[in-house]
Amino acid sequence: MNGLTAIKMAMKNLRSHKLRSFLTMLGIIIGISSVITLISIAQSSTRMITDEVKDLGSNLITVGIVGRGTTTSIDYKEALDWEEKEGIEKVSPVISGNVEAKYNNKKETVSIDGITPNYEDVQNFHIQSGRYIMPIDVDTRQKVVLVGAEAAKTFFGKENPIGKQISLNGLPFTVVGLLEEKGESLLSSYDDKILIPISTSERLLFTSGVKVINIQASSAGDVDLAISTIDKTLKLKFKNDTNSYNILNQQDLLETMDTVTQTMSLLLAGISGISLLVGGIGIMNIMLVSVTERTKEIGIRKAIGAKRKDILSLFLIESVVLTTIGGVIGILIGIGGTYGISNLMDVEPYVAPAVVVSSFLFSMLIGVVFGILPANRAAKLKPIDALRNE
Amino acid sequence: MLISLEKINKHYVVGDEVVKALDEVSLEIEKGEFLAIVGPSGSGKSTLMNILGCLDIPTSGKYVLDGITIEKAKENELSTIRNEKIGFIFQNFNLLTKLTAIENVELPLIYRGVKQAERRKIATESLEKVGLGERIHHLPTKLSGGQQQRVAIARALAGNPPILLADEPTGALDSKTSRDILALLKELNKQGHTIIIITHDLEVANQAKRVVQIKDGKLANVKVGGKR
């Protein structure tokens, strides 16, 4: 008996018990669709974060200064000197703080970042109109601002912000540039940013301590070298107080995130696996019932010349067809669910082909694993015993 | 010699007792014969039919079927022998209810590995031979008892086996239909098919060219002749 005939035969039998077949499939459908949805949602979110991190470049190193006081702080000029060091391409120190911003009647507390011109390249964050902060702005402590797209909307509405005067903590600043729209991000919101020259921010915020230094290594291969250089420098400067700073690089971050995602995917797959196990037991149960019901049929087929393997494949194919159809329906529901939930979560939906393919294969495997016992029981029936059955 | 049974024993152990369902049965059947095996229920005729049909194997004795010695053959080998050598006709037709008439007739050919197109052709011819050329796509439940038995006969014929083995072929039919089915079997015998009928009904048995009686597991009163 060839495969196609056998599959047709199995389909015919499943169709004759539509409700039963559907209910049996339901376990597999629920299991597979939840595997697809859960894993895809996890992957979609991770992909989005990863993309953002990657967007900053894989040779980005972030140094955080958490220490306070003069012994464990560093000013921006000193940080900029690092550009001379081996393996380091560009340094972008940032001083952050909150100020009260006012334009006309609009008053709001905003967070500002004091930056150097390098910020543009290191953070990969550009302007859509106007000009960027220039070295001369930093040198001469100019009161100029770059506003993020969202911040511009808040203060200036539909007006063109360029050239407008905005007051920060009572001091008048001129808007010279409008930053590009980066959209909502899971890491931080770029569009709310207000950027001023770092030298100006020292005065405005009454601090010379840099909080964050973003560093671009000369190349991805130089990241490790750059990190050890910075580490040595800071250790010396902070007198071995290694708790007052931390050094992160994108590669580490990505690897950590990968591990987290993988663990999460495994966990989710495990949970869904339990529902697939339950579904599989349901399949086995129904197949056993089916074998009992069809004992006479087995007897007739054997009398006519069916061999053991014919009867085995008759039932095995039936259970595999059952779980495979369930798997396909589950995959479709899972993809639909992923798109639906991603939409709600405002995440770009992503269903990995590997997840779909492995779910499909796994559903077939369930059919084999849980179908083999009933099929074997059917195959082993003696024709005379089976024929006697009414 | 198509069939040769030599001192066939079939013993069952029931509790402490050994039941001799067949006791030293010897029988020879020629090609083209129309033989009836008669006996009351419990006489061992079902056991004999199971052994003749290779559905079961004897405890001891020698059975040669169309040149093949049926010993403790493997299950799969018995399947092949059944498929190629024997066409079964059962009392309650034993058609697969979910398959149409023609699909039922095709079954033995499927297990023989015959290709779809050829299968169709043979099955159609087979159904025409038993006078059911019209209703080939009907489900068994849509057919009368007589028609169902004709489908079963067509199925038995499809594999073109040397032997047709009929177990109470008219047991579930009314007397008119029974006569038709018997007439069909006679006709098939005339065309050269070897037919063995197992029955408890002497009237049916008397249609055969040769009648053999079985009682308490023993063949007795072997009569040659009978009404033709």
# chains A, B, ... in the order shown; residues from 1 in each chain; ligands from 1
>>> interface_residues(of="chain B", to="chain A", cutoff="7 Å", atoms="only C-alpha atoms", output="short mmCIF file (atom, residue, chain, number, x, y, z; two decimals) with N, CA and C atoms, in the first residue's frame")
data_model
loop_
_atom_site.label_atom_id
_atom_site.label_comp_id
_atom_site.auth_asym_id
_atom_site.auth_seq_id
_atom_site.Cartn_x
_atom_site.Cartn_y
_atom_site.Cartn_z
N LEU B 55 -6.30 -18.46 8.43
CA LEU B 55 -6.49 -17.46 9.48
C LEU B 55 -5.91 -18.01 10.78
N ASN B 76 3.10 -12.61 8.69
CA ASN B 76 3.09 -11.83 7.45
C ASN B 76 3.01 -12.72 6.21
N SER B 79 -0.48 -13.67 5.75
CA SER B 79 -1.22 -12.56 5.17
C SER B 79 -1.10 -12.59 3.65
N THR B 80 0.13 -12.80 3.19
CA THR B 80 0.36 -12.83 1.75
C THR B 80 -0.38 -14.01 1.11
N ARG B 82 -3.09 -15.52 2.22
CA ARG B 82 -4.52 -15.20 2.21
C ARG B 82 -4.85 -14.27 1.06
N ASN B 83 -3.97 -13.29 0.90
CA ASN B 83 -4.22 -12.28 -0.12
C ASN B 83 -4.21 -12.89 -1.52
N ASN B 94 -19.13 -8.71 5.99
CA ASN B 94 -17.86 -8.10 6.42
C ASN B 94 -17.29 -7.10 5.42
N LEU B 96 -16.32 -3.13 4.66
CA LEU B 96 -15.97 -1.95 5.45
C LEU B 96 -17.00 -0.87 5.16
N PRO B 108 -8.25 -5.93 -1.49
CA PRO B 108 -7.20 -6.95 -1.62
C PRO B 108 -6.11 -6.54 -2.61
N ILE B 110 -5.14 -3.42 -3.13
CA ILE B 110 -4.30 -2.42 -2.45
C ILE B 110 -3.20 -3.14 -1.68
N TYR B 111 -3.61 -4.19 -0.93
CA TYR B 111 -2.62 -4.89 -0.12
C TYR B 111 -1.67 -5.72 -0.96
N GLY B 113 -0.51 -4.36 -3.70
CA GLY B 113 0.36 -3.35 -4.30
C GLY B 113 0.04 -3.04 -5.75
#
>>> residues_around(residues="stretch 20-30 of chain A", least_positions_apart="4", cutoff="10 Å", atoms="only C-alpha atoms", output="ChimeraX atom specification")
/A:13-16,34-35,272-273,275-287,319,322-334,363,366-367
>>> write_last_selection(atoms="N, CA and C atoms", output="compact mmCIF listing (two decimals), in the first residue's frame")
# COMPACT_ATOMS: atom_id res chain seq x y z
N ASN A 13 -11.30 8.44 7.26
CA ASN A 13 -11.77 7.99 8.56
C ASN A 13 -11.91 9.14 9.54
N LEU A 14 -10.96 10.10 9.48
CA LEU A 14 -11.03 11.25 10.39
C LEU A 14 -12.25 12.10 10.06
N ARG A 15 -12.53 12.23 8.76
CA ARG A 15 -13.68 13.04 8.35
C ARG A 15 -14.99 12.44 8.84
N SER A 16 -15.00 11.09 8.95
CA SER A 16 -16.25 10.46 9.37
C SER A 16 -16.51 10.67 10.87
N SER A 34 0.14 28.12 21.48
CA SER A 34 0.74 28.87 22.59
C SER A 34 2.27 28.86 22.49
N VAL A 35 2.84 27.76 22.01
CA VAL A 35 4.30 27.74 21.81
C VAL A 35 4.69 28.86 20.85
N SER A 272 4.59 25.25 27.39
CA SER A 272 3.69 24.84 26.31
C SER A 272 3.85 23.36 26.03
N GLY A 273 5.07 22.86 26.26
CA GLY A 273 5.32 21.44 26.04
C GLY A 273 4.41 20.59 26.90
N SER A 275 1.36 21.27 27.74
CA SER A 275 0.05 21.18 27.11
C SER A 275 0.10 20.25 25.90
N LEU A 276 1.27 20.22 25.24
CA LEU A 276 1.40 19.29 24.11
C LEU A 276 1.41 17.85 24.60
N LEU A 277 2.03 17.64 25.76
CA LEU A 277 2.06 16.30 26.34
C LEU A 277 0.63 15.85 26.64
N VAL A 278 -0.13 16.75 27.26
CA VAL A 278 -1.53 16.45 27.57
C VAL A 278 -2.29 16.16 26.28
N GLY A 279 -2.05 17.00 25.27
CA GLY A 279 -2.69 16.78 23.97
C GLY A 279 -2.32 15.42 23.39
N GLY A 280 -1.06 15.06 23.53
CA GLY A 280 -0.58 13.78 23.01
C GLY A 280 -1.26 12.61 23.70
N ILE A 281 -1.44 12.73 25.01
CA ILE A 281 -2.11 11.66 25.76
C ILE A 281 -3.55 11.53 25.27
N GLY A 282 -4.16 12.69 24.99
CA GLY A 282 -5.52 12.69 24.43
C GLY A 282 -5.57 11.92 23.12
N ILE A 283 -4.56 12.15 22.28
CA ILE A 283 -4.49 11.46 20.99
C ILE A 283 -4.40 9.95 21.22
N MET A 284 -3.52 9.58 22.15
CA MET A 284 -3.31 8.16 22.41
C MET A 284 -4.61 7.50 22.88
N ASN A 285 -5.28 8.21 23.78
CA ASN A 285 -6.53 7.70 24.33
C ASN A 285 -7.55 7.45 23.22
N ILE A 286 -7.73 8.45 22.36
CA ILE A 286 -8.71 8.32 21.29
C ILE A 286 -8.30 7.24 20.30
N MET A 287 -7.01 7.14 20.04
CA MET A 287 -6.56 6.11 19.10
C MET A 287 -6.82 4.71 19.68
N SER A 319 -2.97 8.91 13.23
CA SER A 319 -2.64 9.77 14.36
C SER A 319 -1.68 10.88 13.94
N LEU A 322 -3.70 13.43 12.13
CA LEU A 322 -4.47 14.17 13.13
C LEU A 322 -3.62 15.25 13.80
N THR A 323 -2.44 14.87 14.28
CA THR A 323 -1.61 15.86 14.99
C THR A 323 -1.03 16.89 14.04
N THR A 324 -0.76 16.47 12.79
CA THR A 324 -0.19 17.42 11.84
C THR A 324 -1.22 18.50 11.48
N ILE A 325 -2.46 18.07 11.23
CA ILE A 325 -3.50 19.05 10.94
C ILE A 325 -3.66 19.98 12.15
N GLY A 326 -3.68 19.37 13.35
CA GLY A 326 -3.75 20.18 14.57
C GLY A 326 -2.58 21.15 14.65
N GLY A 327 -1.39 20.66 14.29
CA GLY A 327 -0.20 21.50 14.31
C GLY A 327 -0.31 22.67 13.36
N VAL A 328 -0.80 22.40 12.15
CA VAL A 328 -0.92 23.47 11.14
C VAL A 328 -1.93 24.52 11.62
N ILE A 329 -3.07 24.06 12.14
CA ILE A 329 -4.06 25.01 12.65
C ILE A 329 -3.44 25.81 13.80
N GLY A 330 -2.73 25.10 14.69
CA GLY A 330 -2.07 25.77 15.81
C GLY A 330 -1.06 26.81 15.35
N ILE A 331 -0.31 26.49 14.30
CA ILE A 331 0.68 27.43 13.77
C ILE A 331 -0.03 28.69 13.26
N LEU A 332 -1.12 28.48 12.51
CA LEU A 332 -1.84 29.64 11.97
C LEU A 332 -2.39 30.51 13.10
N ILE A 333 -3.00 29.86 14.10
CA ILE A 333 -3.54 30.63 15.24
C ILE A 333 -2.39 31.33 15.97
N GLY A 334 -1.27 30.62 16.13
CA GLY A 334 -0.12 31.19 16.82
C GLY A 334 0.41 32.43 16.12
N SER A 363 4.78 18.54 16.01
CA SER A 363 3.41 18.03 16.03
C SER A 363 3.34 16.67 15.33
N ILE A 366 4.69 14.10 17.76
CA ILE A 366 3.70 13.74 18.78
C ILE A 366 2.79 12.63 18.25
N GLY A 367 2.38 12.80 16.97
CA GLY A 367 1.54 11.79 16.34
C GLY A 367 2.20 10.42 16.33
>>> residues_around(residues="A:Gly170", least_positions_apart="6", cutoff="10 Å", atoms="only C-alpha atoms", output="list in words")
Val99, Glu100, Ala101, Lys102 and Leu204 of chain A
>>> select_by_dssp(residues="stretch 22-183 of chain A", states="helix (DSSP H, G or I)", output="PyMOL selection string")
chain A and resi 22-55+76-84+119-122+135-139+149-156
>>> residues_around(residues="stretch 99-101 of chain B", least_positions_apart="5", cutoff="8 Å", atoms="only C-alpha atoms", output="mmCIF file with N, CA and C atoms, in the first residue's frame")
data_model
loop_
_atom_site.group_PDB
_atom_site.id
_atom_site.type_symbol
_atom_site.label_atom_id
_atom_site.label_comp_id
_atom_site.auth_asym_id
_atom_site.auth_seq_id
_atom_site.Cartn_x
_atom_site.Cartn_y
_atom_site.Cartn_z
ATOM 1 N N ARG B 135 -23.943 -0.002 -9.332
ATOM 2 C CA ARG B 135 -23.953 0.628 -8.008
ATOM 3 C C ARG B 135 -22.576 0.655 -7.359
ATOM 4 N N ILE B 136 -21.574 0.860 -8.170
ATOM 5 C CA ILE B 136 -20.212 0.708 -7.645
ATOM 6 C C ILE B 136 -19.806 1.788 -6.648
ATOM 7 N N HIS B 137 -20.462 2.943 -6.683
ATOM 8 C CA HIS B 137 -20.049 4.017 -5.769
ATOM 9 C C HIS B 137 -20.965 4.155 -4.560
ATOM 10 N N HIS B 138 -21.803 3.132 -4.322
ATOM 11 C CA HIS B 138 -22.684 3.172 -3.158
ATOM 12 C C HIS B 138 -21.954 2.670 -1.921
ATOM 13 N N LEU B 139 -22.338 3.242 -0.783
ATOM 14 C CA LEU B 139 -21.828 2.705 0.487
ATOM 15 C C LEU B 139 -22.608 1.432 0.802
ATOM 16 N N PRO B 140 -21.996 0.477 1.503
ATOM 17 C CA PRO B 140 -22.691 -0.775 1.812
ATOM 18 C C PRO B 140 -24.061 -0.548 2.470
ATOM 19 N N VAL B 151 -21.182 -7.695 -3.419
ATOM 20 C CA VAL B 151 -19.961 -6.889 -3.306
ATOM 21 C C VAL B 151 -18.865 -7.734 -2.657
#
>>> select_by_dssp(residues="stretch 168-282 of chain A", states="strand (DSSP E)", output="ChimeraX atom specification")
/A:168,171-179,194-197,212-217,245-249
>>> atom_distance(atom1="atom CA of A:Ile41", atom2="atom CA of A:Thr62")
28.4 Å
>>> atom_distance(atom1="atom CA of A:Ala354", atom2="atom CA of A:Gln262")
13.8 Å
>>> atom_distance(atom1="atom CA of B:Ile196", atom2="atom CA of B:Lys20")
22.7 Å
>>> closest_residue(among="B:Leu78, B:Ile86, B:Ile197, B:Leu35", to="B:Asp56", atoms="only C-alpha atoms")
B:Leu78
>>> residues_around(residues="A:Phe315", least_positions_apart="6", cutoff="8 Å", atoms="only C-alpha atoms", output="list in words")
Ala10, Met287, Gly371, Pro374, Ala375 and Ala378 of chain A
>>> residues_around(residues="B:Leu185", least_positions_apart="4", cutoff="8 Å", atoms="only C-alpha atoms", output="ChimeraX atom specification")
/B:181,189,195
>>> residues_around(residues="stretch 156-166 of chain B", least_positions_apart="3", cutoff="9 Å", atoms="only C-alpha atoms", output="ChimeraX atom specification")
/A:304 /B:2,31-32,49,52-53,66,82-91,105-109,112,119,122-123,125-127,151-153,169,193-199
